[in-house]
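A.B. asks: Mind having a look at this structure? Questions to follow.
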Amino acid sequence: MGRPKQFDPDVAVDRAMGVFWRKGYAATTPQDLVDEIGIGKGSLYHAFGSKRGLFELALRRYRDNHELVMAELLHGREPVRVRLRAALERLVRRALAPSDQRGCLAVNTATELAGRDAEAAAVVRQIFIRTEDVFRAVIEEGQRRGEIAPDRDASALAGLLLHTVVGLQVVARTGDASHGLHGTVDALMEAL
């Protein structure tokens, strides 16, 4: 009979996600992962196959969490524009917080690996598509409620929101851009 696992794989994936998020895939070593998770290298490889296998699980976990967060940010009874602005402002505040200079794991992965890792790029595309879908649903709700002009292309507006959010995440990683990012949110809201 084999020994029982001495760790919770779900907790291990969450902790690994934090390491990959802070350091990036390439800079994260197997030793970083075992130190963070608190297991031996043999257990790491036995449970997850490889650093790459654990990274894919962590990226998929991020995808699922991100989808829930976006839905939560944009769900409510307030006017659509109020919800959209609040969600964008929260993303900017989070991106600029000194304690959270890690950016967005999806954006980080896209800039680091998308051209070299088709599987990682596919997961990132899923994140972007799902985010754009949430934006489109909220825009369509705003159109039905008369808050956003019904003749505007909801898909194009959702794409504008997604691309702006991705750009905000990249700019935030470069340092203090708080004034510019908040101004971008103002301009984006006016464009809707």
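Each chain of the structure tokens is named A, B, ... in the order shown, its residues numbered from 1; ligands are numbered from 1 in display order.
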List the spatial neighbours of stretch 17-25 of chain A as number ranges by chain - criterion: any atom at most 8 Å away, only C-alpha atoms, same-chain residues fewer than 5 positions off excluded.

C.D. replies: A: 32-33, 36, 55, 58-59, 61-62, 102-105, 108-109, 112

A.B. asks: Identify, on the basis of only C-alpha atoms, every residue whose closest approach to stretch 69-86 of chain A does not exceed 7 Å; exclude the query and any residue fewer than 5 positions from it along the same chain; express the result as number ranges by chain.

C.D. replies: A: 134, 138, 142, 189

A.B. asks: Within chain A, find each residue whose DSSP state, derived from the backbone, is alpha helix (DSSP H), and express the selection as a PyMOL selection string.

C.D. replies: chain A and resi 9-23+30-37+41-48+51-74+80-96+105-113+118-144+154-172+178-191

A.B. asks: Taking into account only C-alpha atoms, which residue in the set A:Thr131, A:Ser155, A:Gln143, A:Thr184 is nearest to A:Asn65?

C.D. replies: A:Thr131

A.B. asks: Taking 4 positions as the minimum chain separation for residues in the same chain, which residues sit within 8 Å of A:Arg63 when counting only C-alpha atoms? Answer as a PyMOL selection string.

C.D. replies: chain A and resi 59+67+106+123-124+126-127

A.B. asks: Quick one: everything within 12 Å of stretch 37-47 of chain A, counting only C-alpha atoms, minus sequence neighbours fewer than 5 positions away in the same chain. Send it as a PyMOL selection string.

C.D. replies: chain A and resi 3-19+29-32+52-55+57

A.B. asks: Output the selection as a PDB file, in the first residue's frame - N, CA and C atoms for each residue.

C.D. replies:
ATOM      1  N   ARG A   3       2.002   5.240   0.416  1.00  0.00           N
ATOM      2  CA  ARG A   3       1.801   6.231   1.477  1.00  0.00           C
ATOM      3  C   ARG A   3       0.739   7.237   1.051  1.00  0.00           C
ATOM      4  N   PRO A   4      -0.088   7.705   1.985  1.00  0.00           N
ATOM      5  CA  PRO A   4      -1.084   8.711   1.632  1.00  0.00           C
ATOM      6  C   PRO A   4      -0.394  10.048   1.337  1.00  0.00           C
ATOM      7  N   LYS A   5      -1.038  10.850   0.495  1.00  0.00           N
ATOM      8  CA  LYS A   5      -0.493  12.173   0.186  1.00  0.00           C
ATOM      9  C   LYS A   5      -0.431  12.993   1.465  1.00  0.00           C
ATOM     10  N   GLN A   6       0.642  13.728   1.628  1.00  0.00           N
ATOM     11  CA  GLN A   6       0.841  14.529   2.826  1.00  0.00           C
ATOM     12  C   GLN A   6       0.471  15.996   2.596  1.00  0.00           C
ATOM     13  N   PHE A   7      -0.200  16.276   1.482  1.00  0.00           N
ATOM     14  CA  PHE A   7      -0.570  17.653   1.179  1.00  0.00           C
ATOM     15  C   PHE A   7      -1.873  17.654   0.398  1.00  0.00           C
ATOM     16  N   ASP A   8      -2.519  18.788   0.385  1.00  0.00           N
ATOM     17  CA  ASP A   8      -3.764  18.958  -0.353  1.00  0.00           C
ATOM     18  C   ASP A   8      -3.418  19.475  -1.747  1.00  0.00           C
ATOM     19  N   PRO A   9      -3.689  18.705  -2.793  1.00  0.00           N
ATOM     20  CA  PRO A   9      -3.331  19.140  -4.149  1.00  0.00           C
ATOM     21  C   PRO A   9      -3.965  20.472  -4.548  1.00  0.00           C
ATOM     22  N   ASP A  10      -5.188  20.750  -4.088  1.00  0.00           N
ATOM     23  CA  ASP A  10      -5.826  22.028  -4.419  1.00  0.00           C
ATOM     24  C   ASP A  10      -5.072  23.196  -3.800  1.00  0.00           C
ATOM     25  N   VAL A  11      -4.653  23.023  -2.561  1.00  0.00           N
ATOM     26  CA  VAL A  11      -3.860  24.070  -1.901  1.00  0.00           C
ATOM     27  C   VAL A  11      -2.515  24.215  -2.610  1.00  0.00           C
ATOM     28  N   ALA A  12      -1.942  23.107  -3.014  1.00  0.00           N
ATOM     29  CA  ALA A  12      -0.661  23.147  -3.721  1.00  0.00           C
ATOM     30  C   ALA A  12      -0.779  23.913  -5.030  1.00  0.00           C
ATOM     31  N   VAL A  13      -1.862  23.699  -5.773  1.00  0.00           N
ATOM     32  CA  VAL A  13      -2.061  24.421  -7.034  1.00  0.00           C
ATOM     33  C   VAL A  13      -2.223  25.915  -6.760  1.00  0.00           C
ATOM     34  N   ASP A  14      -2.970  26.261  -5.734  1.00  0.00           N
ATOM     35  CA  ASP A  14      -3.137  27.683  -5.381  1.00  0.00           C
ATOM     36  C   ASP A  14      -1.800  28.323  -5.018  1.00  0.00           C
ATOM     37  N   ARG A  15      -1.010  27.622  -4.235  1.00  0.00           N
ATOM     38  CA  ARG A  15       0.294  28.173  -3.837  1.00  0.00           C
ATOM     39  C   ARG A  15       1.236  28.279  -5.026  1.00  0.00           C
ATOM     40  N   ALA A  16       1.199  27.283  -5.879  1.00  0.00           N
ATOM     41  CA  ALA A  16       2.030  27.329  -7.088  1.00  0.00           C
ATOM     42  C   ALA A  16       1.590  28.478  -7.986  1.00  0.00           C
ATOM     43  N   MET A  17       0.285  28.701  -8.082  1.00  0.00           N
ATOM     44  CA  MET A  17      -0.219  29.810  -8.881  1.00  0.00           C
ATOM     45  C   MET A  17       0.386  31.119  -8.388  1.00  0.00           C
ATOM     46  N   GLY A  18       0.471  31.290  -7.075  1.00  0.00           N
ATOM     47  CA  GLY A  18       1.068  32.496  -6.519  1.00  0.00           C
ATOM     48  C   GLY A  18       2.524  32.672  -6.924  1.00  0.00           C
ATOM     49  N   VAL A  19       3.274  31.591  -6.942  1.00  0.00           N
ATOM     50  CA  VAL A  19       4.686  31.659  -7.333  1.00  0.00           C
ATOM     51  C   VAL A  19       4.808  32.010  -8.810  1.00  0.00           C
ATOM     52  N   THR A  29      11.550  28.138 -10.372  1.00  0.00           N
ATOM     53  CA  THR A  29      12.286  26.874 -10.367  1.00  0.00           C
ATOM     54  C   THR A  29      11.468  25.809  -9.623  1.00  0.00           C
ATOM     55  N   PRO A  30      11.747  24.550  -9.885  1.00  0.00           N
ATOM     56  CA  PRO A  30      11.094  23.510  -9.092  1.00  0.00           C
ATOM     57  C   PRO A  30      11.343  23.710  -7.583  1.00  0.00           C
ATOM     58  N   GLN A  31      12.522  24.202  -7.232  1.00  0.00           N
ATOM     59  CA  GLN A  31      12.803  24.452  -5.821  1.00  0.00           C
ATOM     60  C   GLN A  31      11.891  25.538  -5.247  1.00  0.00           C
ATOM     61  N   ASP A  32      11.618  26.591  -6.031  1.00  0.00           N
ATOM     62  CA  ASP A  32      10.669  27.615  -5.590  1.00  0.00           C
ATOM     63  C   ASP A  32       9.320  26.984  -5.268  1.00  0.00           C
ATOM     64  N   ARG A  52       5.783  22.111 -15.692  1.00  0.00           N
ATOM     65  CA  ARG A  52       4.848  22.536 -16.735  1.00  0.00           C
ATOM     66  C   ARG A  52       3.435  22.051 -16.448  1.00  0.00           C
ATOM     67  N   GLY A  53       3.315  20.816 -15.967  1.00  0.00           N
ATOM     68  CA  GLY A  53       1.999  20.283 -15.618  1.00  0.00           C
ATOM     69  C   GLY A  53       1.350  21.069 -14.492  1.00  0.00           C
ATOM     70  N   LEU A  54       2.137  21.420 -13.501  1.00  0.00           N
ATOM     71  CA  LEU A  54       1.625  22.214 -12.384  1.00  0.00           C
ATOM     72  C   LEU A  54       1.261  23.621 -12.860  1.00  0.00           C
ATOM     73  N   PHE A  55       2.060  24.186 -13.746  1.00  0.00           N
ATOM     74  CA  PHE A  55       1.765  25.514 -14.280  1.00  0.00           C
ATOM     75  C   PHE A  55       0.422  25.506 -15.017  1.00  0.00           C
ATOM     76  N   LEU A  57      -2.132  23.546 -14.544  1.00  0.00           N
ATOM     77  CA  LEU A  57      -3.200  23.480 -13.541  1.00  0.00           C
ATOM     78  C   LEU A  57      -3.400  24.836 -12.868  1.00  0.00           C
TER      79      LEU A  57
END
